[in-house]
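**Q** This is upload.cif (mmCIF, C-alpha atoms, pLDDT in the B column; chains and numbers go by the auth columns).
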data_structure
loop_
_atom_site.group_PDB
_atom_site.id
_atom_site.type_symbol
_atom_site.label_atom_id
_atom_site.label_comp_id
_atom_site.label_asym_id
_atom_site.label_seq_id
_atom_site.Cartn_x
_atom_site.Cartn_y
_atom_site.Cartn_z
_atom_site.B_iso_or_equiv
_atom_site.auth_seq_id
_atom_site.auth_asym_id
ATOM 1 C CA MET A 1 115.413 160.066 163.230 63.00 298 A
ATOM 2 C CA SER A 2 116.392 159.693 159.570 69.00 299 A
ATOM 3 C CA ASP A 3 112.836 158.600 158.731 67.00 300 A
ATOM 4 C CA VAL A 4 111.529 161.791 160.319 71.00 301 A
ATOM 5 C CA LEU A 5 113.954 163.944 158.332 71.00 302 A
ATOM 6 C CA ASP A 6 113.009 162.151 155.105 73.00 303 A
ATOM 7 C CA SER A 7 109.348 162.943 155.795 78.00 304 A
ATOM 8 C CA PHE A 8 110.008 166.577 156.719 81.00 305 A
ATOM 9 C CA PRO A 9 108.131 167.896 153.613 86.00 306 A
ATOM 10 C CA LEU A 10 105.014 166.210 155.024 87.00 307 A
ATOM 11 C CA LEU A 11 105.403 168.205 158.233 88.00 308 A
ATOM 12 C CA LEU A 12 105.955 171.389 156.238 91.00 309 A
ATOM 13 C CA ARG A 13 102.631 170.861 154.457 91.00 310 A
ATOM 14 C CA GLY A 14 101.003 170.439 157.838 91.00 311 A
ATOM 15 C CA SER A 15 102.621 173.605 159.160 92.00 312 A
ATOM 16 C CA TRP A 16 101.253 175.521 156.154 94.00 313 A
ATOM 17 C CA ILE A 17 97.733 174.405 157.099 94.00 314 A
ATOM 18 C CA THR A 18 98.439 175.476 160.690 94.00 315 A
ATOM 19 C CA LEU A 19 99.486 178.930 159.477 94.00 316 A
ATOM 20 C CA GLN A 20 96.367 179.249 157.331 95.00 317 A
ATOM 21 C CA LEU A 21 94.157 178.291 160.261 95.00 318 A
ATOM 22 C CA THR A 22 95.931 180.805 162.476 95.00 319 A
ATOM 23 C CA VAL A 23 95.548 183.657 159.997 95.00 320 A
ATOM 24 C CA TYR A 24 91.883 182.974 159.176 96.00 321 A
ATOM 25 C CA SER A 25 90.929 182.527 162.828 96.00 322 A
ATOM 26 C CA ALA A 26 92.913 185.616 163.870 96.00 323 A
ATOM 27 C CA VAL A 27 91.142 187.790 161.271 96.00 324 A
ATOM 28 C CA LEU A 28 87.727 186.610 162.487 97.00 325 A
ATOM 29 C CA ALA A 29 88.749 186.997 166.150 96.00 326 A
ATOM 30 C CA LEU A 30 90.059 190.518 165.511 95.00 327 A
ATOM 31 C CA ALA A 31 86.835 191.614 163.827 96.00 328 A
ATOM 32 C CA LEU A 32 84.736 190.206 166.669 96.00 329 A
ATOM 33 C CA SER A 33 87.067 191.701 169.277 96.00 330 A
ATOM 34 C CA LEU A 34 86.733 195.202 167.849 93.00 331 A
ATOM 35 C CA LEU A 35 82.968 194.934 167.392 94.00 332 A
ATOM 36 C CA PHE A 36 82.083 193.596 170.835 95.00 333 A
ATOM 37 C CA GLY A 37 84.908 195.444 172.592 93.00 334 A
ATOM 38 C CA VAL A 38 83.633 198.786 171.316 91.00 335 A
ATOM 39 C CA LEU A 39 80.038 197.808 172.153 92.00 336 A
ATOM 40 C CA GLY A 40 81.205 197.095 175.689 90.00 337 A
ATOM 41 C CA THR A 41 82.324 200.717 176.123 89.00 338 A
ATOM 42 C CA THR A 42 79.098 202.364 174.955 87.00 339 A
ATOM 43 C CA ARG A 43 76.631 203.970 177.326 84.00 340 A
ATOM 44 C CA GLY A 44 73.624 202.077 176.009 86.00 341 A
ATOM 45 C CA LEU A 45 72.466 199.196 178.163 91.00 342 A
ATOM 46 C CA ALA A 46 71.442 196.949 175.253 93.00 343 A
ATOM 47 C CA PRO A 47 74.802 197.070 173.377 91.00 344 A
ATOM 48 C CA ARG A 48 76.697 196.438 176.617 92.00 345 A
ATOM 49 C CA ALA A 49 74.409 193.505 177.424 95.00 346 A
ATOM 50 C CA VAL A 50 74.973 191.980 173.972 95.00 347 A
ATOM 51 C CA SER A 51 78.728 192.391 174.360 94.00 348 A
ATOM 52 C CA ARG A 52 78.706 190.875 177.834 95.00 349 A
ATOM 53 C CA PHE A 53 76.635 187.868 176.690 96.00 350 A
ATOM 54 C CA TYR A 54 79.002 187.161 173.802 96.00 351 A
ATOM 55 C CA VAL A 55 82.114 187.489 175.968 95.00 352 A
ATOM 56 C CA GLU A 56 80.846 185.353 178.834 95.00 353 A
ATOM 57 C CA PHE A 57 79.344 182.625 176.627 95.00 354 A
ATOM 58 C CA PHE A 58 82.197 182.095 174.174 95.00 355 A
ATOM 59 C CA ARG A 59 84.954 182.746 176.712 92.00 356 A
ATOM 60 C CA GLY A 60 83.458 180.046 178.909 92.00 357 A
ATOM 61 C CA ALA A 61 82.970 177.520 176.101 92.00 358 A
ATOM 62 C CA PRO A 62 86.055 175.421 175.210 92.00 359 A
ATOM 63 C CA ALA A 63 87.169 175.845 171.610 92.00 360 A
ATOM 64 C CA LEU A 64 87.270 172.066 171.125 92.00 361 A
ATOM 65 C CA VAL A 65 83.640 171.677 172.243 93.00 362 A
ATOM 66 C CA LEU A 66 82.573 174.482 169.891 94.00 363 A
ATOM 67 C CA MET A 67 84.473 172.797 167.075 94.00 364 A
ATOM 68 C CA PHE A 68 82.772 169.449 167.711 94.00 365 A
ATOM 69 C CA TRP A 69 79.412 171.211 167.901 94.00 366 A
ATOM 70 C CA PHE A 70 79.861 172.950 164.558 94.00 367 A
ATOM 71 C CA PHE A 71 81.310 169.915 162.771 93.00 368 A
ATOM 72 C CA TYR A 72 79.469 166.947 164.295 92.00 369 A
ATOM 73 C CA SER A 73 76.258 168.280 165.870 92.00 370 A
ATOM 74 C CA LEU A 74 74.936 170.936 163.485 91.00 371 A
ATOM 75 C CA PRO A 75 74.770 168.494 160.529 90.00 372 A
ATOM 76 C CA LEU A 76 72.076 166.674 162.507 90.00 373 A
ATOM 77 C CA ILE A 77 69.787 169.682 161.946 89.00 374 A
ATOM 78 C CA GLY A 78 70.875 170.224 158.351 87.00 375 A
ATOM 79 C CA LEU A 79 73.778 172.685 158.791 89.00 376 A
ATOM 80 C CA ARG A 80 76.976 171.274 157.338 90.00 377 A
ATOM 81 C CA PHE A 81 80.336 173.025 157.547 92.00 378 A
ATOM 82 C CA THR A 82 83.656 172.030 156.030 92.00 379 A
ATOM 83 C CA PRO A 83 86.299 171.046 158.612 93.00 380 A
ATOM 84 C CA MET A 84 88.283 174.230 157.928 94.00 381 A
ATOM 85 C CA PHE A 85 85.224 176.477 158.299 95.00 382 A
ATOM 86 C CA ALA A 86 84.137 174.765 161.525 94.00 383 A
ATOM 87 C CA ALA A 87 87.626 175.098 163.016 95.00 384 A
ATOM 88 C CA VAL A 88 88.027 178.759 162.028 96.00 385 A
ATOM 89 C CA LEU A 89 84.556 179.606 163.347 96.00 386 A
ATOM 90 C CA ALA A 90 85.168 177.882 166.687 96.00 387 A
ATOM 91 C CA LEU A 91 88.612 179.398 167.237 96.00 388 A
ATOM 92 C CA GLY A 92 87.533 182.855 166.029 96.00 389 A
ATOM 93 C CA LEU A 93 84.501 182.976 168.303 96.00 390 A
ATOM 94 C CA ASN A 94 86.449 181.697 171.292 96.00 391 A
ATOM 95 C CA TYR A 95 89.470 183.977 171.017 96.00 392 A
ATOM 96 C CA GLY A 96 87.363 186.897 169.832 96.00 393 A
ATOM 97 C CA ALA A 97 85.705 186.829 173.255 95.00 394 A
ATOM 98 C CA TYR A 98 89.074 187.155 174.978 96.00 395 A
ATOM 99 C CA GLY A 99 90.075 189.878 172.552 95.00 396 A
ATOM 100 C CA ALA A 100 86.884 191.839 173.165 95.00 397 A
ATOM 101 C CA GLU A 101 87.865 192.255 176.803 94.00 398 A
ATOM 102 C CA VAL A 102 91.306 193.462 175.710 94.00 399 A
ATOM 103 C CA VAL A 103 89.706 196.059 173.428 94.00 400 A
ATOM 104 C CA ARG A 104 87.255 197.205 176.080 92.00 401 A
ATOM 105 C CA GLY A 105 89.960 197.536 178.725 91.00 402 A
ATOM 106 C CA SER A 106 92.330 199.343 176.362 91.00 403 A
ATOM 107 C CA ILE A 107 89.711 201.909 175.345 90.00 404 A
ATOM 108 C CA ASN A 108 88.795 202.527 178.969 89.00 405 A
ATOM 109 C CA ALA A 109 92.501 202.973 179.776 88.00 406 A
ATOM 110 C CA VAL A 110 92.860 205.958 177.427 85.00 407 A
ATOM 111 C CA PRO A 111 93.182 209.065 179.655 84.00 408 A
ATOM 112 C CA LYS A 112 89.862 210.777 180.323 83.00 409 A
ATOM 113 C CA ALA A 113 91.364 214.095 179.214 85.00 410 A
ATOM 114 C CA GLN A 114 91.553 212.734 175.647 83.00 411 A
ATOM 115 C CA TYR A 115 87.828 212.019 175.675 77.00 412 A
ATOM 116 C CA GLU A 116 87.044 215.429 177.121 80.00 413 A
ATOM 117 C CA ALA A 117 89.185 217.123 174.464 84.00 414 A
ATOM 118 C CA ALA A 118 87.321 215.252 171.723 81.00 415 A
ATOM 119 C CA VAL A 119 84.006 216.381 173.217 79.00 416 A
ATOM 120 C CA ALA A 120 85.283 219.957 173.369 84.00 417 A
ATOM 121 C CA LEU A 121 86.093 219.738 169.645 83.00 418 A
ATOM 122 C CA ASN A 122 82.439 218.820 169.024 79.00 419 A
ATOM 123 C CA LEU A 123 83.297 215.422 167.527 81.00 420 A
ATOM 124 C CA THR A 124 80.485 212.903 167.173 81.00 421 A
ATOM 125 C CA PRO A 125 80.708 209.671 169.211 78.00 422 A
ATOM 126 C CA ALA A 126 81.823 207.762 166.106 81.00 423 A
ATOM 127 C CA GLN A 127 84.485 210.369 165.335 83.00 424 A
ATOM 128 C CA ARG A 128 85.703 210.341 168.927 82.00 425 A
ATOM 129 C CA MET A 129 86.088 206.584 168.804 83.00 426 A
ATOM 130 C CA ARG A 130 87.692 206.442 165.345 81.00 427 A
ATOM 131 C CA ARG A 131 89.995 209.461 165.531 82.00 428 A
ATOM 132 C CA VAL A 132 90.902 209.799 169.207 83.00 429 A
ATOM 133 C CA LEU A 133 90.225 206.765 171.378 84.00 430 A
ATOM 134 C CA LEU A 134 90.921 203.768 169.124 85.00 431 A
ATOM 135 C CA PRO A 135 94.292 204.971 167.754 83.00 432 A
ATOM 136 C CA GLN A 136 95.617 205.404 171.290 84.00 433 A
ATOM 137 C CA ALA A 137 93.999 202.189 172.513 88.00 434 A
ATOM 138 C CA VAL A 138 95.635 200.156 169.729 87.00 435 A
ATOM 139 C CA ALA A 139 99.063 200.725 171.301 85.00 436 A
ATOM 140 C CA LEU A 140 97.714 199.209 174.533 88.00 437 A
ATOM 141 C CA MET A 141 96.007 196.310 172.736 91.00 438 A
ATOM 142 C CA LEU A 142 98.967 195.015 170.751 90.00 439 A
ATOM 143 C CA PRO A 143 101.002 193.285 173.532 90.00 440 A
ATOM 144 C CA PRO A 144 98.039 191.237 174.859 92.00 441 A
ATOM 145 C CA PHE A 145 96.868 190.622 171.296 93.00 442 A
ATOM 146 C CA GLY A 146 100.307 189.168 170.585 92.00 443 A
ATOM 147 C CA ASN A 147 99.864 186.723 173.449 93.00 444 A
ATOM 148 C CA LEU A 148 96.388 185.781 172.228 94.00 445 A
ATOM 149 C CA LEU A 149 97.680 185.240 168.693 94.00 446 A
ATOM 150 C CA ILE A 150 100.297 182.768 169.916 94.00 447 A
ATOM 151 C CA GLU A 151 97.727 181.025 172.118 94.00 448 A
ATOM 152 C CA LEU A 152 95.402 180.763 169.120 95.00 449 A
ATOM 153 C CA MET A 153 98.172 179.246 167.007 94.00 450 A
ATOM 154 C CA LYS A 154 98.840 176.622 169.673 93.00 451 A
ATOM 155 C CA ALA A 155 95.113 175.900 169.963 93.00 452 A
ATOM 156 C CA THR A 156 95.054 174.860 166.296 93.00 453 A
ATOM 157 C CA ALA A 157 96.716 171.618 167.392 92.00 454 A
ATOM 158 C CA VAL A 158 93.258 170.227 168.259 92.00 455 A
ATOM 159 C CA VAL A 159 91.817 170.673 164.747 93.00 456 A
ATOM 160 C CA SER A 160 93.214 167.284 163.764 90.00 457 A
ATOM 161 C CA LEU A 161 90.224 165.872 165.684 90.00 458 A
ATOM 162 C CA VAL A 162 87.921 167.201 162.955 90.00 459 A
ATOM 163 C CA THR A 163 90.057 165.624 160.184 88.00 460 A
ATOM 164 C CA ILE A 164 92.134 168.693 159.230 91.00 461 A
ATOM 165 C CA ALA A 165 95.632 167.719 158.064 87.00 462 A
ATOM 166 C CA ASP A 166 97.483 170.322 160.142 90.00 463 A
ATOM 167 C CA LEU A 167 100.922 169.951 161.710 90.00 464 A
ATOM 168 C CA MET A 168 99.672 167.769 164.555 91.00 465 A
ATOM 169 C CA PHE A 169 97.697 165.552 162.168 90.00 466 A
ATOM 170 C CA ARG A 170 100.780 165.003 159.999 89.00 467 A
ATOM 171 C CA ALA A 171 102.864 164.305 163.087 90.00 468 A
ATOM 172 C CA GLN A 172 100.436 161.598 164.178 90.00 469 A
ATOM 173 C CA GLN A 173 100.591 160.060 160.711 88.00 470 A
ATOM 174 C CA LEU A 174 104.376 160.105 160.754 87.00 471 A
ATOM 175 C CA ARG A 175 104.532 158.662 164.271 88.00 472 A
ATOM 176 C CA ALA A 176 102.252 155.788 163.275 88.00 473 A
ATOM 177 C CA ALA A 177 104.304 155.078 160.144 85.00 474 A
ATOM 178 C CA THR A 178 107.774 155.239 161.688 83.00 475 A
ATOM 179 C CA GLY A 179 107.257 154.549 165.384 83.00 476 A
ATOM 180 C CA GLU A 180 109.630 157.443 166.162 84.00 477 A
ATOM 181 C CA THR A 181 107.435 159.072 168.811 85.00 478 A
ATOM 182 C CA ALA A 182 110.103 161.142 170.568 88.00 479 A
ATOM 183 C CA ALA A 183 111.766 162.356 167.355 88.00 480 A
ATOM 184 C CA VAL A 184 108.477 163.305 165.694 89.00 481 A
ATOM 185 C CA PHE A 185 107.122 165.290 168.627 89.00 482 A
ATOM 186 C CA ALA A 186 110.485 166.940 169.282 91.00 483 A
ATOM 187 C CA THR A 187 110.503 168.089 165.660 91.00 484 A
ATOM 188 C CA ILE A 188 107.017 169.576 165.714 91.00 485 A
ATOM 189 C CA LEU A 189 107.764 171.180 169.083 93.00 486 A
ATOM 190 C CA VAL A 190 110.556 173.111 167.393 93.00 487 A
ATOM 191 C CA MET A 191 108.298 173.934 164.430 93.00 488 A
ATOM 192 C CA TYR A 192 105.563 175.321 166.682 94.00 489 A
ATOM 193 C CA PHE A 193 108.209 177.368 168.486 95.00 490 A
ATOM 194 C CA VAL A 194 109.489 178.835 165.215 94.00 491 A
ATOM 195 C CA ILE A 195 105.963 179.756 164.105 94.00 492 A
ATOM 196 C CA ALA A 196 105.331 181.413 167.474 94.00 493 A
ATOM 197 C CA GLN A 197 108.509 183.466 167.163 94.00 494 A
ATOM 198 C CA LEU A 198 107.551 184.620 163.668 93.00 495 A
ATOM 199 C CA LEU A 199 104.171 185.752 164.954 93.00 496 A
ATOM 200 C CA GLN A 200 105.833 187.540 167.854 92.00 497 A
ATOM 201 C CA LEU A 201 108.161 189.369 165.449 93.00 498 A
ATOM 202 C CA LEU A 202 105.120 190.506 163.467 92.00 499 A
ATOM 203 C CA VAL A 203 103.460 191.870 166.602 91.00 500 A
ATOM 204 C CA ARG A 204 106.665 193.673 167.659 91.00 501 A
ATOM 205 C CA TYR A 205 106.865 195.260 164.209 90.00 502 A
ATOM 206 C CA LEU A 206 103.259 196.469 164.510 88.00 503 A
ATOM 207 C CA GLU A 207 104.023 197.856 167.967 86.00 504 A
ATOM 208 C CA ARG A 208 106.933 199.904 166.594 87.00 505 A
ATOM 209 C CA ARG A 209 104.828 201.190 163.700 85.00 506 A
ATOM 210 C CA THR A 210 102.045 202.190 166.075 82.00 507 A
ATOM 211 C CA ASP A 211 104.464 203.987 168.389 78.00 508 A
ATOM 212 C CA ARG A 212 105.849 205.959 165.443 80.00 509 A
ATOM 213 C CA MET A 213 102.360 206.909 164.276 76.00 510 A
ATOM 214 C CA LEU A 214 101.536 208.185 167.755 71.00 511 A
ATOM 215 C CA GLY A 215 104.861 210.024 168.015 66.00 512 A
ATOM 216 C CA ARG A 216 106.162 207.830 170.832 62.00 513 A
ATOM 217 C CA ARG A 217 109.374 207.018 168.980 61.00 514 A
ATOM 218 C CA PRO A 218 111.146 208.963 166.209 57.00 515 A
ATOM 219 C CA ARG A 219 110.739 207.980 162.593 56.00 516 A
ATOM 220 C CA LYS A 220 113.741 206.790 160.611 58.00 517 A
ATOM 221 C CA GLY A 221 116.114 209.623 159.935 56.00 518 A
ATOM 222 C CA GLN A 222 114.635 211.863 162.616 55.00 519 A
ATOM 223 C CA PRO A 223 116.646 212.733 165.736 53.00 520 A
ATOM 224 C CA GLU A 224 115.274 211.529 169.028 50.00 521 A
ATOM 225 C CA LEU A 225 113.908 214.395 171.104 44.00 522 A
ATOM 226 C CA ARG A 226 114.931 214.364 174.739 47.00 523 A
ATOM 227 C CA THR A 227 113.425 216.401 177.491 40.00 524 A
ATOM 228 C CA VAL A 228 115.958 218.251 179.686 40.00 525 A
ATOM 229 C CA ALA A 229 114.880 218.783 183.249 39.00 526 A
ATOM 230 C CA ALA A 230 114.708 222.397 184.424 40.00 527 A
ATOM 231 C CA GLY A 231 117.655 223.335 186.591 40.00 528 A
ATOM 232 C CA ALA A 232 119.906 220.635 185.142 41.00 529 A
ATOM 233 C CA PRO A 233 123.608 221.492 184.941 42.00 530 A
ATOM 234 C CA GLY A 234 124.365 223.624 181.936 42.00 531 A
ATOM 235 C CA VAL A 235 120.755 224.805 181.426 40.00 532 A
ATOM 236 C CA GLY A 236 119.755 228.383 182.039 41.00 533 A
ATOM 237 C CA GLY A 237 123.202 229.270 183.305 39.00 534 A
ATOM 238 C CA VAL A 238 122.990 226.870 186.236 39.00 535 A
ATOM 239 C CA GLY A 239 126.032 224.720 186.907 37.00 536 A
#
Output the file's structure in the form of structure tokens.
**A**
Amino acid sequence: MSDVLDSFPLLLRGSWITLQLTVYSAVLALALSLLFGVLGTTRGLAPRAVSRFYVEFFRGAPALVLMFWFFYSLPLIGLRFTPMFAAVLALGLNYGAYGAEVVRGSINAVPKAQYEAAVALNLTPAQRMRRVLLPQAVALMLPPFGNLLIELMKATAVVSLVTIADLMFRAQQLRAATGETAAVFATILVMYFVIAQLLQLLVRYLERRTDRMLGRRPRKGQPELRTVAAGAPGVGGVG
């Protein structure tokens, strides 16, 4: 165990690569989720078909197979990607497909009265989406997006197979050097858990900010408004 503790800076460098992979892949996945999720809610047949093809293809393709394809197969036809780019592209495309379904479902879950009110205000389709539907849908998206973000972080453990020195790669190096299999993997298990909790705290913070923007919880320094039921004791002279 002492050998593992002495080599802890090596694991920290690996965890930094894991965090970078998570952030880059999450940004790409978020962009793809919004694009194809919104396309999936349009009335046009062609945009919905494009969205459905993307979702079904990349949701059904394992991220590891996509990664191998980008890193090992495409160079055979002259397309060469760095290991980091291939990993980010594979993870972003894969989890973006899951996220697109979250976006589509969240937009469709916004009450129909909100859409009708936006139409009554003579807003264009783009304005309806940007000003009315998406802001309310974001509050519904954040909890499942938090789960997807943690799943994406855990999926980065396979990038060591395309020579990226992430946390798992460093753990394998340390295990081979010290022979401390149980201690090494117990240590990185805790490190993955800590990273997951940090990501979850970030998502919870975004949820609170979104609720405040939508007026679902009071801002700092503002009293919480409570609705008193009609006929309650002490109201209107009753009781």
**Q** Quick one: which stretch 382-458 of chain A residues come within 12 Å of stretch 306-311 of chain A, and what is the nearest atom pair for each with the distance in Å to one decimal, counting all atoms listed in the file, rows ordered by chain and ascending number, as a Markdown table?
**A**
| residue | atom | partner | partner_atom | distance |
| --- | --- | --- | --- | --- |
| A:Thr453 | CA | A:Gly311 | CA | 11.2 |
| A:Ala454 | CA | A:Gly311 | CA | 10.5 |
| A:Val456 | CA | A:Gly311 | CA | 11.5 |
| A:Ser457 | CA | A:Gly311 | CA | 10.3 |
**Q** Between A:Gly334, A:Ala346, A:Val459, A:Gly402, which residue has the minimum interatomic distance to A:Leu363, considering all atoms listed in the file?
**A**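 Among A:Gly334, A:Ala346, A:Val459, A:Gly402, it is A:Val459 that comes nearest to A:Leu363.
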**Q** May I have the residues within 8 Å of A:Phe368 as a list of chain:residue names, using all atoms listed in the file and disregarding those fewer than 2 positions away in the same chain?
**A**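 In the requested form, the answer reads A:Met364, A:Phe365, A:Trp366, A:Ser370, A:Leu371, A:Pro372, A:Arg377, A:Phe378, A:Thr379, A:Pro380, A:Ala383, A:Val459.
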**Q** Quick check, in Å to one decimal: how far apart do atom CA of A:Leu495 and atom CA of A:Met450 lie?
**A**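 So the answer is 11.3 Å.
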**Q** For the structure provided, state which residues fall under the PyMOL selection byres ((chain A and resi 473-490) around 10), and present them as a count of residues only.
**A** 30
**Q** Skip A:Ala452 itself and residues of its chain fewer than 5 positions away, then list as a list of chain:residue names all residues within 10 Å of it, counting only C-alpha atoms.
**A**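 Final neighbour list, sorted by chain and number: A:Thr315, A:Thr319, A:Ala360, A:Leu361, A:Leu388, A:Tyr392, A:Leu446, A:Ile447.
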**Q** For atom CA of A:Val362 and atom CA of A:Gly337, determine how far apart the two atoms are, in Å to one decimal place.
**A**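 Interatomic distance here is 25.8 Å.
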**Q** For each of A:Ala417, A:Val400, A:Leu390, A:Arg345, take the minimum atom-to-atom distance to A:Pro359, counting all atoms listed in the file, then give the residue where this is smallest.
**A** A:Leu390
**Q** First collect every listed atom of stretch 356-375 of chain A; then fit an axis-aligned box around them, widen it by 6 Å on each side, and give centre and edge lengths in Å to one decimal, as lines of an AutoDock Vina configuration file.
**A**
center_x = 78.5
center_y = 174.7
center_z = 168.6
size_x = 29.5
size_y = 28.1
size_z = 32.6
**Q** A:Leu336, A:Leu376, A:Val352, A:Met381: which is nearest A:Leu458, counting all atoms listed in the file?
**A** A:Met381
**Q** Could you list, as an NGL selection string, every residue within 10 Å of A:Ser403, counting all atoms listed in the file and ignoring same-chain residues fewer than 6 positions away?
**A** :A and (334 or 397 or 430-431 or 433-439)
**Q** Under the PyMOL selection byres ((chain A and resi 353-357) around 7), which residues of this model are included? Write them out as a PyMOL selection string.
**A** chain A and resi 349-352+358-359+390-391+394-395
**Q** Which of these residues is nearest to A:Tyr321, using all atoms listed in the file: A:Glu504, A:Phe333, A:Ala343, A:Phe382?
**A**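 Residue with the minimum atom-to-atom distance to A:Tyr321: A:Phe382.
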**Q** Out of A:Leu418, A:Ala384, A:Leu373, A:Leu342, which residue has the shortest atom-to-atom distance to A:Ala462 when counting only C-alpha atoms?
**A**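 When distances to A:Ala462 are compared using only C-alpha atoms, the smallest one comes from A:Ala384.
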**Q** Would you mind telling me which residue in A:Arg501, A:Arg428, A:Arg506, A:Arg340 lies nearest to A:Ala414 when using all atoms listed in the file?
**A**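 Once distances to A:Ala414 are computed over all atoms listed in the file, the minimum belongs to A:Arg428.
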**Q** What separation in Å, quoted to one decimal, exists between atom CA of A:Thr460 and atom CA of A:Val385?
**A**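 Separating atom CA of A:Thr460 from atom CA of A:Val385 is a distance of 13.4 Å.
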**Q** List, as an NGL selection string, every residue that the PyMOL selection byres ((chain A and resi 325) around 9) selects in the file provided.
**A** :A and (320-324 or 326-330 or 385-386 or 388-390 or 393)
**Q** Output stretch 347-360 of chain A with N, CA and C atoms present, as a PDB file, in the frame of the given file.
**A**
ATOM      1  N   VAL A 347      74.632 192.885 175.079  1.00 95.00           N
ATOM      2  CA  VAL A 347      74.973 191.980 173.972  1.00 95.00           C
ATOM      3  C   VAL A 347      76.459 191.622 174.031  1.00 95.00           C
ATOM      4  N   SER A 348      77.294 192.624 174.264  1.00 94.00           N
ATOM      5  CA  SER A 348      78.728 192.391 174.360  1.00 94.00           C
ATOM      6  C   SER A 348      79.048 191.455 175.517  1.00 94.00           C
ATOM      7  N   ARG A 349      78.432 191.700 176.661  1.00 95.00           N
ATOM      8  CA  ARG A 349      78.706 190.875 177.834  1.00 95.00           C
ATOM      9  C   ARG A 349      78.264 189.440 177.620  1.00 95.00           C
ATOM     10  N   PHE A 350      77.109 189.228 176.960  1.00 96.00           N
ATOM     11  CA  PHE A 350      76.635 187.868 176.690  1.00 96.00           C
ATOM     12  C   PHE A 350      77.617 187.131 175.786  1.00 96.00           C
ATOM     13  N   TYR A 351      78.052 187.798 174.716  1.00 96.00           N
ATOM     14  CA  TYR A 351      79.002 187.161 173.802  1.00 96.00           C
ATOM     15  C   TYR A 351      80.290 186.780 174.532  1.00 96.00           C
ATOM     16  N   VAL A 352      80.843 187.727 175.292  1.00 95.00           N
ATOM     17  CA  VAL A 352      82.114 187.489 175.968  1.00 95.00           C
ATOM     18  C   VAL A 352      81.990 186.334 176.957  1.00 95.00           C
ATOM     19  N   GLU A 353      80.970 186.373 177.794  1.00 95.00           N
ATOM     20  CA  GLU A 353      80.846 185.353 178.834  1.00 95.00           C
ATOM     21  C   GLU A 353      80.541 183.977 178.249  1.00 95.00           C
ATOM     22  N   PHE A 354      79.718 183.925 177.193  1.00 95.00           N
ATOM     23  CA  PHE A 354      79.344 182.625 176.627  1.00 95.00           C
ATOM     24  C   PHE A 354      80.529 181.976 175.915  1.00 95.00           C
ATOM     25  N   PHE A 355      81.152 182.708 174.984  1.00 95.00           N
ATOM     26  CA  PHE A 355      82.197 182.095 174.174  1.00 95.00           C
ATOM     27  C   PHE A 355      83.536 182.034 174.906  1.00 95.00           C
ATOM     28  N   ARG A 356      83.743 182.880 175.903  1.00 92.00           N
ATOM     29  CA  ARG A 356      84.954 182.746 176.712  1.00 92.00           C
ATOM     30  C   ARG A 356      84.848 181.538 177.628  1.00 92.00           C
ATOM     31  N   GLY A 357      83.644 181.184 178.021  1.00 92.00           N
ATOM     32  CA  GLY A 357      83.458 180.046 178.909  1.00 92.00           C
ATOM     33  C   GLY A 357      83.307 178.721 178.192  1.00 92.00           C
ATOM     34  N   ALA A 358      83.141 178.756 176.859  1.00 92.00           N
ATOM     35  CA  ALA A 358      82.970 177.520 176.101  1.00 92.00           C
ATOM     36  C   ALA A 358      84.315 177.091 175.518  1.00 92.00           C
ATOM     37  N   PRO A 359      84.776 175.870 175.779  1.00 92.00           N
ATOM     38  CA  PRO A 359      86.055 175.421 175.210  1.00 92.00           C
ATOM     39  C   PRO A 359      86.008 175.406 173.688  1.00 92.00           C
ATOM     40  N   ALA A 360      87.111 175.805 173.073  1.00 92.00           N
ATOM     41  CA  ALA A 360      87.169 175.845 171.610  1.00 92.00           C
ATOM     42  C   ALA A 360      86.938 174.466 171.002  1.00 92.00           C
TER      43      ALA A 360
END
